[in-house]
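A.B. asks: Below is one structure. I have some questions about it.
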Amino acid sequence: MPNDTASGYVLEMLGISKSFPGVQALNDVTLKVRPGTVHALMGENGAGKSTLMKCLFGIYREDSGDIVLKGAKVKFHSAKDALVSGVSMIHQELLNVPDRSVRENVWLGREPMRSFGPLRFLDHRKMHEDTAALMKSLDMEIDPADRMGGLSISKQQACEIAKAVSYDASVVVMDEPSSSLTETETEHLFRIIRDLRSRGVAVIYISHKMSEIFQIADEVSVMRDGRMVGTYAASELDEDGLIRLMVGRDTTDRFPPVASVPGEVRLEVRGLTAANPRSFRDVSFDLRRGEILGIGGLVGAQRTELVEALFGLREVASGEILVDGGLVRVRSPRDAISHGLGLITEDRRGSGIFPLLSVTVNTSVASLGRYLGKARLLEHRRIESEAAKLNEALRTKTPSMGTQIQNLSGGNQQKVLVSRWLMTLPDILIMDEPTRGIDVGAKYEIYTIMAELARNGKSIIMVSSEMPELLGMSHRIMVLCAGRHTGTLEGKQATQENIMRLATQFV
Amino acid sequence: MAASSTVTAQAPARGLRAFLSKNTNIVTFVVLALALGALTGGRAFGLDSIQNLLIAESVRAFAALGVGMIIITRGIDLSIGYVVCLVASVSASFAQTPDYAAALYAGKDFVILVPIAAGLMTGALCGLVNGLLVAYGKLPAFIATLGTLSIARGLQLIYTKAAVVGSLKQPFKNISQGSLGPVPYLAIYVAFAAFVVWVLLRHTRRGTNFYAIGGNPVAARVSGINVERELVMVYLYAGVLYGIAGVLQAGRLGLANALTANGMELDAIAAVTVGGVSQTGGVGTMGGMIVGVLTLGIINYGMTYLGVDSYYQLLMKGVIIIVAVFMDMNKNARR
C-alpha cells in the first residue's frame, strides 16, 4: 500500500513545539516519513528525539503543532491508542510480561474470545493458531507457547515486532533496537526490518550507531538542541558529515574559566571490571589534584555504572583502586566516603534528596559522625551552622534551613546535594550529570562552584551527556563506549567530532 | 544564621496558629477531650478517671513507640500482639508463686529480676528476628512480621500448653500496679521510655538515619548509611519495647494467657498513624506517637463511659485508622 496519501507521506509531524519549565525541548520540529522506508532519527543525547516520539505517542502533549497520519489529523492519548491506529513503538527496554507465553503477550488486551451461553472465555486455540500464522508470515521461528521471559532478547524483540505487525502497523518506531543484540542477532533484526519495508511499513529507526544507519536507512533526519536540522537521503551523507550535523554548534561563554592546574595523582583506577558482564570492563584512568575529568559517552556506555562502582554501589569483579598511591577496597558508600570520595548521583529524586526532610538534614546526613558530642549525642547547633554556612556559600535559595527540600527548585536542591558532599570534606567529588534538569542560570552557578572547588585542590569526576559541558568544563575527557575506555582527549584533540568518534567506536 | 540573606529569604510562619496547623493531632486530641468533658458535665475527668486512662493506655504506649519508629523507617510490624503475648507468658512463668501447684516451674522461686530479664530478652529476640528478616532477608516487613506473628503465637501455646499462667507473686505485680502518690508507676515508665525514644530520634545519629532510610532508602545508602544494620536496630529496639509491654501487662493483669494483648498491633499502628507518623516513611515524632495513643485512649474511654457497645468500639477503631491514613496520604502525597 505505498503512497496511500496525496502527500506521499504516511506520517507527518508538523511544527511540533514543546517546552518544560526553563527548557525549550522541541522548537518547531517537522518530521515527514514516507511509507515503505527506513527513516533514521539521529541526534545527541538530549537533542529532542525521545521528546518528539513521546509527543507522537501522547505521553507528552505538544504545545503546538499537528500530527498527521495517512492524511488525517490525529491525537493519540496513549501508546495503546497509537497501536490501534497502526503506530507502534519497540522500546529500548522491552515492555512485555515475561512470565506469560508468547501468544498471550501478542494478544494482550484484545484476546480472542469464545462464547459459551452468556459466558465468554479465552479462545486459546485461536490465539495459538493466529500467532503461529503470524510468526510464519514473518519468517520467525518462535513457538507461540513458549514463555516470553525464556526467549533471548532478540527473539523477545521479534515478538514485539510481530505484535506491531498484527495490529496492521503502518509506522513502527524502534528506539535503539540493537543496543543489546549480538552481531548475528542484529543481522536478523535487519532482515525483519527489510521485510517490514517491503510490506510498505515505515520504520523510524533511532540509533547512535553510524554503521547501522548507513546499512539500513533510506532517509536520515538529524535533530540538535530541540530543532530539526534537516532530512537527507542516506546516500548523500557520510559518517563525518553526519557527525558534523549532529554536533555543529559553538560553546562560547556558557562556562566560567577553569583556572586550576592539575597537580599530583590522587586517584588511580587500574583494569576495573564490573561483576555484571554486560557492564564496563578493563577501565583504567587517573585523576589529579585540582583536575576536572569529564566522562563522555552515549546512553549505554556504562558511565554511571563505572562511577557507582567506584563509590561502592556496584559490584566489581576485578581491578584496583588507589587513593593517594594506596590500594583501597570500596565495598560500600561508607568505605568510599571514608577514603574521601563523594558522589552526586544522576537521579536527584531517586537517589539524592530526602524529599520530606529539612535542608539541614539533607545537607548533614552524610557527615553526622563528625558532629557527635557528649554521650554521642548530635551537636545540633554546630550541624545547623555548618550546613547553613555551606548553603550560603553556594547561594542556595531556601525560605529557611528547616524547609523540606522538596519545596526547593531543582537547581537549589542540587546545591544542597553539593553542600552535603562538601560537608564530608571530600578530596574527590564525583558528579553524575551535575546539571541535568536544572535551568540555564543555575547551571552556570554549578559550573562556577565546580571551577572553584578545583581551584581549591579538590578533584572532580564529571559524567555528562552534554558535549558542550564536557568540552567547557573538563581538563581531560575520558570517553567510554559499550563499557570500554576508548580514549582520553586533551587540549586541541578535545573536539565534539573526536568525542563522537570514540563514543561510537565499537558500535 | 542571622547573616544569611539567601538562606532565610522569608521567615517561616510562627506563633500559636502555625503550631496548631502543624500539629493537627494535638488539636484533635484537645477537641475530643473537651467534647467528652462537655458530654459528661466534666465527670469523665475525675482523678480516678484520668488514672484509669493512663493505666489502660500505658502498655499500648510502649508498643506504639516501638512500631512508630519502625514505620518511620518505612517498615511495619504486625507481630506485636502475639509477641507481647509470648513475652507476658514467659515473664509470668518465672513469677508464679512457688507453692502454686499448676505453676510451670512449680516449687521454684526465682528472684524478681528473672521474669523481667526473661521477658525483655524474649521481646528483643523477636525484634531481632524481624529485623534480620527485613534487613538481610529482604522480605517485605508485612510478610516477615506476619510470619513471626504466627511463630510467636505457636510458641506461646507450646510453652504454656495453652493454659493460663496465673498466681503471680505480689512483688512482681506491684511493679505494674503500684503508684507514686497519685501517679501510677506505669505512667512513669512510659514517660521514661518516651524520653529515651525522643532522645534517640531527635538527638542521635541513628535517629536521623531512621528518618533518612524512611525518607529515601536509596539516597540513605548513597549517603553512607548502613541501611541493613540500622533496620535490624530499629526492629530490635521495638522488640525491647514490646518486651517491656509484655512484662508490665502480665503484672498488671496478674496473669498471662493466649488472649493477652490480642490485637495490640492494631491499637499501636492506629495510634501512631493518628499521631502523624506517616506510612510513606520518614515522618513522625515521639510526641505525635504519645498524642496518638492518648487520642485513641480517650475515644475508647469516652465510648465506654458513654455506654457504647464494645463491638462498636472495634468498628470505630478500624474507621479511625482508615480515615487517619487517608488524610495522611493526601497531606504527604509526593509531587
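In the C-alpha cells, chains take the letters A, B, ... in the order shown, each chain's residues start at 1, and ligands count up from 1 in the order shown.
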Using only C-alpha atoms, determine which residues lie at most 8 Å from stretch 461-477 of chain A, disregarding the query and same-chain residues fewer than 2 positions distant; provide the list as a PyMOL selection string.

C.D. replies: chain A and resi 45-46+251+254-255+258+287+291-298+303-304+428-434+447+451+459+479+488-491+494-496

A.B. asks: What's around stretch 148-152 of chain B at 8 Å? Count only C-alpha atoms, leave out sequence neighbours fewer than 2 positions away in its own chain, and write the answer as a VMD selection string.

C.D. replies: chain B and resid 78 to 83 86 126 129 to 130 144 to 146 154 to 156

A.B. asks: Can you tell me which residues surround stretch 337-349 of chain A at a distance of at most 8 Å, considering only C-alpha atoms, apart from same-chain residues fewer than 3 positions away, and format the answer as a short mmCIF file (atom, residue, chain, number, x, y, z; two decimals) with N, CA, C and O atoms, in the first residue's frame?

C.D. replies:
```cif
data_model
loop_
_atom_site.label_atom_id
_atom_site.label_comp_id
_atom_site.auth_asym_id
_atom_site.auth_seq_id
_atom_site.Cartn_x
_atom_site.Cartn_y
_atom_site.Cartn_z
N THR A 304 27.63 5.76 34.25
CA THR A 304 27.08 5.78 35.61
C THR A 304 27.49 4.54 36.38
O THR A 304 27.85 4.61 37.55
N PHE A 311 32.20 4.06 43.80
CA PHE A 311 31.63 4.52 45.06
C PHE A 311 31.06 3.36 45.89
O PHE A 311 30.42 3.58 46.91
N VAL A 323 43.99 5.30 46.13
CA VAL A 323 43.79 6.69 46.53
C VAL A 323 45.10 7.17 47.14
O VAL A 323 45.62 6.55 48.07
N VAL A 328 42.98 0.67 47.93
CA VAL A 328 41.82 0.70 48.83
C VAL A 328 40.76 -0.28 48.36
O VAL A 328 40.70 -0.63 47.19
N PRO A 333 29.24 2.57 50.02
CA PRO A 333 29.45 4.02 50.04
C PRO A 333 30.18 4.48 51.30
O PRO A 333 30.95 5.43 51.25
N ARG A 334 29.96 3.77 52.41
CA ARG A 334 30.67 4.15 53.64
C ARG A 334 32.18 4.08 53.45
O ARG A 334 32.91 4.96 53.86
N GLY A 352 19.04 10.93 45.50
CA GLY A 352 19.73 12.09 46.07
C GLY A 352 19.04 12.65 47.28
O GLY A 352 19.48 12.44 48.41
N ILE A 353 17.92 13.29 47.06
CA ILE A 353 17.29 14.03 48.15
C ILE A 353 16.41 13.15 49.03
O ILE A 353 15.96 12.08 48.62
N PHE A 354 16.20 13.62 50.26
CA PHE A 354 15.18 13.08 51.15
C PHE A 354 14.05 14.10 51.13
O PHE A 354 14.10 15.09 51.85
N PRO A 355 13.04 13.89 50.27
CA PRO A 355 12.11 14.97 49.95
C PRO A 355 11.43 15.60 51.16
O PRO A 355 11.23 16.82 51.19
N GLN A 414 20.02 20.74 43.95
CA GLN A 414 21.35 20.28 43.54
C GLN A 414 22.43 20.95 44.39
O GLN A 414 23.41 20.32 44.78
N LEU A 417 22.70 19.25 47.59
CA LEU A 417 23.44 17.99 47.47
C LEU A 417 24.94 18.24 47.38
O LEU A 417 25.75 17.50 47.95
N VAL A 418 25.33 19.30 46.66
CA VAL A 418 26.75 19.64 46.63
C VAL A 418 27.22 19.97 48.05
O VAL A 418 28.26 19.49 48.51
N TRP A 421 27.93 16.92 50.15
CA TRP A 421 29.21 16.24 49.94
C TRP A 421 30.38 17.11 50.35
O TRP A 421 31.40 16.59 50.79
N THR A 424 31.24 16.53 53.91
CA THR A 424 32.01 15.32 54.26
C THR A 424 33.51 15.57 54.06
O THR A 424 34.31 14.65 54.27
N LEU A 425 33.88 16.78 53.61
CA LEU A 425 35.28 17.13 53.36
C LEU A 425 35.94 16.15 52.40
O LEU A 425 36.96 15.53 52.73
N PRO A 426 35.40 16.00 51.20
CA PRO A 426 35.96 15.01 50.28
C PRO A 426 37.20 15.57 49.57
O PRO A 426 37.38 16.78 49.49
N ASP A 427 38.04 14.67 49.07
CA ASP A 427 39.12 15.08 48.19
C ASP A 427 38.69 14.93 46.74
O ASP A 427 39.18 15.62 45.86
N ILE A 428 37.81 13.95 46.55
CA ILE A 428 37.39 13.60 45.19
C ILE A 428 35.87 13.63 45.13
O ILE A 428 35.21 12.91 45.87
N LEU A 429 35.35 14.47 44.26
CA LEU A 429 33.90 14.58 44.15
C LEU A 429 33.48 14.05 42.78
O LEU A 429 33.98 14.51 41.75
N ILE A 430 32.59 13.06 42.79
CA ILE A 430 32.08 12.52 41.53
C ILE A 430 30.71 13.13 41.29
O ILE A 430 29.84 13.07 42.16
N MET A 431 30.52 13.74 40.13
CA MET A 431 29.24 14.38 39.84
C MET A 431 28.69 13.75 38.57
O MET A 431 29.26 13.89 37.50
N ASP A 432 27.58 13.02 38.72
CA ASP A 432 26.97 12.33 37.58
C ASP A 432 25.87 13.22 37.03
O ASP A 432 24.87 13.47 37.71
N GLU A 433 26.04 13.69 35.84
CA GLU A 433 25.09 14.62 35.21
C GLU A 433 24.75 15.78 36.17
O GLU A 433 23.60 15.95 36.57
N PRO A 434 25.75 16.59 36.51
CA PRO A 434 25.54 17.58 37.57
C PRO A 434 24.51 18.66 37.24
O PRO A 434 23.99 19.29 38.15
N ARG A 436 21.74 18.13 35.12
CA ARG A 436 20.53 17.59 34.49
C ARG A 436 19.28 18.19 35.13
O ARG A 436 19.15 18.24 36.34
N VAL B 222 23.46 5.77 49.55
CA VAL B 222 24.47 6.59 48.88
C VAL B 222 25.15 7.52 49.88
O VAL B 222 26.33 7.84 49.75
N GLY B 224 26.07 6.87 52.72
CA GLY B 224 26.99 6.16 53.60
C GLY B 224 26.33 5.52 54.81
O GLY B 224 27.02 5.06 55.71
#
```

A.B. asks: Show me, as number ranges by chain, the residues of chain A whose atoms get within 8 Å of chain B, using only C-alpha atoms for the distance check.

C.D. replies: A: 313, 332-335, 337, 343, 350-357, 361, 365-366, 368-369, 372, 376-380, 385, 388, 391-392, 395-401

A.B. asks: Would you output that residue set with N, CA, C and O atoms, as a compact mmCIF listing (two decimals), in the first residue's frame?

C.D. replies:
```
# COMPACT_ATOMS: atom_id res chain seq x y z
N LEU A 313 28.72 1.20 45.07
CA LEU A 313 27.30 0.90 44.88
C LEU A 313 27.08 -0.28 43.93
O LEU A 313 25.98 -0.79 43.82
N SER A 332 31.29 -0.40 49.93
CA SER A 332 30.03 0.28 50.21
C SER A 332 30.30 1.78 50.16
O SER A 332 31.45 2.21 50.23
N PRO A 333 29.24 2.57 50.02
CA PRO A 333 29.45 4.02 50.04
C PRO A 333 30.18 4.48 51.30
O PRO A 333 30.95 5.43 51.25
N ARG A 334 29.96 3.77 52.41
CA ARG A 334 30.67 4.15 53.64
C ARG A 334 32.18 4.08 53.45
O ARG A 334 32.91 4.96 53.86
N ASP A 335 32.63 2.98 52.81
CA ASP A 335 34.06 2.85 52.54
C ASP A 335 34.53 4.02 51.68
O ASP A 335 35.56 4.62 51.94
N ILE A 337 33.29 6.99 51.26
CA ILE A 337 33.30 8.26 51.97
C ILE A 337 34.53 8.33 52.88
O ILE A 337 35.21 9.35 52.97
N LEU A 343 29.73 11.33 46.02
CA LEU A 343 29.04 11.06 44.75
C LEU A 343 27.70 11.79 44.72
O LEU A 343 26.85 11.57 45.58
N GLY A 350 15.48 10.19 42.86
CA GLY A 350 15.51 8.78 43.22
C GLY A 350 16.57 8.43 44.24
O GLY A 350 16.32 7.66 45.16
N SER A 351 17.76 8.98 44.09
CA SER A 351 18.83 8.56 45.00
C SER A 351 19.60 9.73 45.60
O SER A 351 20.66 9.55 46.16
N GLY A 352 19.04 10.93 45.50
CA GLY A 352 19.73 12.09 46.07
C GLY A 352 19.04 12.65 47.28
O GLY A 352 19.48 12.44 48.41
N ILE A 353 17.92 13.29 47.06
CA ILE A 353 17.29 14.03 48.15
C ILE A 353 16.41 13.15 49.03
O ILE A 353 15.96 12.08 48.62
N PHE A 354 16.20 13.62 50.26
CA PHE A 354 15.18 13.08 51.15
C PHE A 354 14.05 14.10 51.13
O PHE A 354 14.10 15.09 51.85
N PRO A 355 13.04 13.89 50.27
CA PRO A 355 12.11 14.97 49.95
C PRO A 355 11.43 15.60 51.16
O PRO A 355 11.23 16.82 51.19
N LEU A 356 11.06 14.77 52.14
CA LEU A 356 10.26 15.31 53.25
C LEU A 356 11.14 15.84 54.39
O LEU A 356 10.63 16.36 55.37
N LEU A 357 12.46 15.69 54.27
CA LEU A 357 13.33 16.15 55.35
C LEU A 357 13.86 17.56 55.06
O LEU A 357 13.86 18.02 53.93
N VAL A 361 18.97 18.63 57.43
CA VAL A 361 19.22 17.18 57.46
C VAL A 361 19.77 16.71 56.12
O VAL A 361 20.70 15.91 56.06
N VAL A 365 23.39 14.81 56.43
CA VAL A 365 23.14 13.38 56.67
C VAL A 365 24.37 12.50 56.48
O VAL A 365 24.53 11.49 57.16
N ALA A 366 25.28 12.90 55.59
CA ALA A 366 26.44 12.04 55.34
C ALA A 366 27.62 12.36 56.25
O ALA A 366 28.65 11.70 56.20
N LEU A 368 27.24 13.19 59.82
CA LEU A 368 26.84 13.32 61.23
C LEU A 368 27.90 12.77 62.18
O LEU A 368 28.03 13.24 63.31
N GLY A 369 28.69 11.80 61.72
CA GLY A 369 29.71 11.19 62.57
C GLY A 369 30.70 12.21 63.12
O GLY A 369 31.30 11.98 64.17
N LEU A 372 29.33 14.53 66.78
CA LEU A 372 28.83 13.86 67.98
C LEU A 372 29.52 14.47 69.20
O LEU A 372 30.74 14.59 69.24
N ARG A 376 27.73 10.86 72.74
CA ARG A 376 27.48 10.63 71.32
C ARG A 376 26.16 11.23 70.84
O ARG A 376 25.54 10.73 69.90
N LEU A 377 25.70 12.28 71.51
CA LEU A 377 24.50 12.96 71.03
C LEU A 377 24.91 13.98 69.96
O LEU A 377 26.01 14.50 69.95
N LEU A 378 23.97 14.24 69.04
CA LEU A 378 24.25 15.17 67.94
C LEU A 378 24.40 16.60 68.45
O LEU A 378 23.63 17.03 69.31
N GLU A 379 25.36 17.30 67.89
CA GLU A 379 25.51 18.71 68.25
C GLU A 379 24.74 19.55 67.24
O GLU A 379 25.29 20.03 66.25
N HIS A 380 23.45 19.71 67.52
CA HIS A 380 22.57 20.35 66.54
C HIS A 380 23.04 21.74 66.14
O HIS A 380 22.95 22.14 65.00
N SER A 385 24.78 25.33 61.96
CA SER A 385 25.55 26.48 61.49
C SER A 385 26.46 26.08 60.34
O SER A 385 26.62 26.82 59.38
N ALA A 388 24.25 25.67 57.23
CA ALA A 388 23.82 26.97 56.74
C ALA A 388 24.98 27.68 56.05
O ALA A 388 24.81 28.30 55.00
N ASN A 391 25.53 26.17 52.56
CA ASN A 391 24.48 26.56 51.61
C ASN A 391 24.54 28.04 51.27
O ASN A 391 24.21 28.44 50.15
N GLU A 392 24.97 28.82 52.24
CA GLU A 392 25.14 30.24 51.99
C GLU A 392 26.24 30.47 50.97
O GLU A 392 26.09 31.25 50.03
N ARG A 395 25.10 29.82 47.70
CA ARG A 395 23.91 30.66 47.40
C ARG A 395 22.67 29.81 47.11
O ARG A 395 21.95 30.03 46.14
N THR A 396 22.42 28.86 47.98
CA THR A 396 21.18 28.09 47.92
C THR A 396 20.03 29.00 48.33
O THR A 396 20.12 29.66 49.36
N LYS A 397 18.99 29.03 47.53
CA LYS A 397 17.84 29.85 47.90
C LYS A 397 16.78 28.98 48.54
O LYS A 397 16.20 28.11 47.91
N THR A 398 16.54 29.21 49.84
CA THR A 398 15.53 28.44 50.57
C THR A 398 14.90 29.35 51.61
O THR A 398 15.58 30.21 52.17
N PRO A 399 13.59 29.19 51.86
CA PRO A 399 12.95 30.03 52.87
C PRO A 399 13.64 29.92 54.22
O PRO A 399 13.81 30.91 54.92
N SER A 400 14.03 28.70 54.61
CA SER A 400 14.75 28.53 55.86
C SER A 400 15.49 27.21 55.79
O SER A 400 15.24 26.39 54.91
N MET A 401 16.39 27.00 56.74
CA MET A 401 17.13 25.74 56.76
C MET A 401 16.21 24.59 57.18
O MET A 401 16.55 23.43 56.98
```

A.B. asks: Could you tell me which of B:Ile158, B:Ala135, B:Ala44, B:Leu113 comes closest to B:Ala258 if we count only C-alpha atoms?

C.D. replies: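 Counting only C-alpha atoms, the residue closest to B:Ala258 is B:Ile158.
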
A.B. asks: Select from stretch 36-242 of chain B everything DSSP, run on the backbone, classes as strand (DSSP E or B), then give the selection as a list of chain:residue names.

C.D. replies: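 The residues of stretch 36-242 of chain B classed as strand (DSSP E or B) are B:Gln96, B:Val165, B:Leu168, B:Ser179, B:Leu180, B:Val183, B:Pro184, B:Thr204.
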
A.B. asks: I want to know what sits within 8 Å of A:Arg147, based on only C-alpha atoms, with residues of the same chain fewer than 6 positions away left out; could you give that as a ChimeraX atom specification?

C.D. replies: /A:98-102

A.B. asks: Please produce an output containing all heavy atoms for each residue in the selection, written as a PDB file, in the first residue's frame.

C.D. replies:
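Contents of selection_6.pdb, freshly written:
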```
ATOM      1  N   PRO A  98       6.993 -11.137  31.121  1.00  0.00           N
ATOM      2  CA  PRO A  98       7.936 -12.245  30.937  1.00  0.00           C
ATOM      3  C   PRO A  98       7.391 -13.607  31.352  1.00  0.00           C
ATOM      4  O   PRO A  98       7.791 -14.617  30.792  1.00  0.00           O
ATOM      5  CB  PRO A  98       9.143 -11.851  31.793  1.00  0.00           C
ATOM      6  CG  PRO A  98       8.712 -10.706  32.629  1.00  0.00           C
ATOM      7  CD  PRO A  98       7.502 -10.096  32.012  1.00  0.00           C
ATOM      8  N   ASP A  99       6.460 -13.645  32.297  1.00  0.00           N
ATOM      9  CA  ASP A  99       6.014 -14.943  32.787  1.00  0.00           C
ATOM     10  C   ASP A  99       4.818 -15.515  32.026  1.00  0.00           C
ATOM     11  O   ASP A  99       4.302 -16.559  32.390  1.00  0.00           O
ATOM     12  CB  ASP A  99       5.696 -14.871  34.291  1.00  0.00           C
ATOM     13  CG  ASP A  99       6.968 -14.862  35.105  1.00  0.00           C
ATOM     14  OD1 ASP A  99       7.877 -15.633  34.749  1.00  0.00           O
ATOM     15  OD2 ASP A  99       7.078 -14.079  36.050  1.00  0.00           O
ATOM     16  N   ARG A 100       4.366 -14.812  30.990  1.00  0.00           N
ATOM     17  CA  ARG A 100       3.286 -15.351  30.178  1.00  0.00           C
ATOM     18  C   ARG A 100       3.841 -15.814  28.836  1.00  0.00           C
ATOM     19  O   ARG A 100       4.949 -15.471  28.448  1.00  0.00           O
ATOM     20  CB  ARG A 100       2.165 -14.311  29.957  1.00  0.00           C
ATOM     21  CG  ARG A 100       1.598 -13.715  31.236  1.00  0.00           C
ATOM     22  CD  ARG A 100       1.181 -14.745  32.264  1.00  0.00           C
ATOM     23  NE  ARG A 100       0.157 -15.669  31.783  1.00  0.00           N
ATOM     24  CZ  ARG A 100      -0.246 -16.741  32.442  1.00  0.00           C
ATOM     25  NH1 ARG A 100       0.298 -17.039  33.602  1.00  0.00           N
ATOM     26  NH2 ARG A 100      -1.177 -17.517  31.944  1.00  0.00           N
ATOM     27  N   SER A 101       3.034 -16.571  28.105  1.00  0.00           N
ATOM     28  CA  SER A 101       3.502 -17.139  26.850  1.00  0.00           C
ATOM     29  C   SER A 101       3.570 -16.074  25.760  1.00  0.00           C
ATOM     30  O   SER A 101       3.036 -14.977  25.900  1.00  0.00           O
ATOM     31  CB  SER A 101       2.553 -18.247  26.405  1.00  0.00           C
ATOM     32  OG  SER A 101       1.295 -17.682  26.094  1.00  0.00           O
ATOM     33  N   VAL A 102       4.236 -16.436  24.682  1.00  0.00           N
ATOM     34  CA  VAL A 102       4.356 -15.538  23.539  1.00  0.00           C
ATOM     35  C   VAL A 102       2.971 -15.137  23.039  1.00  0.00           C
ATOM     36  O   VAL A 102       2.670 -13.971  22.824  1.00  0.00           O
ATOM     37  CB  VAL A 102       5.171 -16.218  22.417  1.00  0.00           C
ATOM     38  CG1 VAL A 102       5.063 -15.428  21.122  1.00  0.00           C
ATOM     39  CG2 VAL A 102       6.625 -16.378  22.845  1.00  0.00           C
TER      40      VAL A 102
END
```

A.B. asks: Would you list the contacts of A:Leu31 as a ChimeraX atom specification, taking every protein, DNA or RNA residue within 8 Å and counting only C-alpha atoms, but skipping same-chain residues closer than 3 positions in sequence?

C.D. replies: /A:12-14,221,228

A.B. asks: Hey, can you spit out that residue selection with N, CA, C and O atoms as a PDB file, in the first residue's frame?

C.D. replies:
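Final file, again_18.pdb:
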```
ATOM      1  N   GLU A  12       3.219  12.581   9.223  1.00  0.00           N
ATOM      2  CA  GLU A  12       3.809  13.918   9.217  1.00  0.00           C
ATOM      3  C   GLU A  12       3.636  14.526  10.606  1.00  0.00           C
ATOM      4  O   GLU A  12       2.534  14.572  11.141  1.00  0.00           O
ATOM      5  N   MET A  13       4.753  14.955  11.177  1.00  0.00           N
ATOM      6  CA  MET A  13       4.691  15.719  12.429  1.00  0.00           C
ATOM      7  C   MET A  13       5.086  17.129  12.027  1.00  0.00           C
ATOM      8  O   MET A  13       6.210  17.363  11.579  1.00  0.00           O
ATOM      9  N   LEU A  14       4.146  18.059  12.171  1.00  0.00           N
ATOM     10  CA  LEU A  14       4.336  19.386  11.580  1.00  0.00           C
ATOM     11  C   LEU A  14       4.461  20.458  12.659  1.00  0.00           C
ATOM     12  O   LEU A  14       3.549  20.657  13.461  1.00  0.00           O
ATOM     13  N   SER A 221      16.967  11.926   9.353  1.00  0.00           N
ATOM     14  CA  SER A 221      16.632  13.241   9.901  1.00  0.00           C
ATOM     15  C   SER A 221      17.530  13.490  11.102  1.00  0.00           C
ATOM     16  O   SER A 221      17.713  12.601  11.934  1.00  0.00           O
ATOM     17  N   MET A 228      14.953  20.645  14.317  1.00  0.00           N
ATOM     18  CA  MET A 228      15.245  19.721  13.238  1.00  0.00           C
ATOM     19  C   MET A 228      16.281  20.389  12.344  1.00  0.00           C
ATOM     20  O   MET A 228      16.045  21.467  11.810  1.00  0.00           O
TER      21      MET A 228
END
```

A.B. asks: Record the distance separating atom CA of A:Leu95 and atom CA of A:Glu160, expressed in Å with one decimal.

C.D. replies: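 We find that atom CA of A:Leu95 and atom CA of A:Glu160 lie 8.6 Å from each other.
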
A.B. asks: Neighbouring residues of A:Ser50 were defined as those with any atom within 12 Å, considering only C-alpha atoms; residues of the same chain fewer than 3 positions away were excluded. Please report them as a ChimeraX atom specification.

C.D. replies: /A:18,25-26,41-47,53-57,59-60,89,91-92,173-176,204-207,223,226

A.B. asks: When you draw a straight line from atom CA of A:Ser179 to atom CA of A:Ala234, how long is it in Å?

C.D. replies: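 Separation between atom CA of A:Ser179 and atom CA of A:Ala234: 21.1 Å.
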
A.B. asks: To one decimal in Å, tell me the separation between atom CA of B:Tyr185 and atom CA of B:Gly307.

C.D. replies: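 Taking atom CA of B:Tyr185 as the start and atom CA of B:Gly307 as the end point, the length is 28.3 Å.
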
A.B. asks: Hey, what's within 10 Å of stretch 16-24 of chain B if we count only C-alpha atoms and toss same-chain stuff fewer than 5 positions away? As JSON, numbers by chain, please?

C.D. replies: {"B": [29, 30, 274, 275, 276, 288]}

A.B. asks: Got time to write the residues from that selection, C-alpha atoms, as a short mmCIF file (atom, residue, chain, number, x, y, z; two decimals), in the first residue's frame?

C.D. replies:
```cif
data_model
loop_
_atom_site.label_atom_id
_atom_site.label_comp_id
_atom_site.auth_asym_id
_atom_site.auth_seq_id
_atom_site.Cartn_x
_atom_site.Cartn_y
_atom_site.Cartn_z
CA PHE B 29 -6.98 15.26 70.95
CA VAL B 30 -8.00 18.50 72.71
CA VAL B 274 -3.46 9.19 64.23
CA GLY B 275 -0.42 10.78 65.85
CA GLY B 276 1.04 11.75 62.50
CA GLY B 288 2.98 12.58 67.96
#
```

A.B. asks: Run DSSP on the backbone and give me the residues of stretch 441-487 of chain A it puts in helix (DSSP H, G or I), as a PyMOL selection string.

C.D. replies: chain A and resi 441-455+467-473
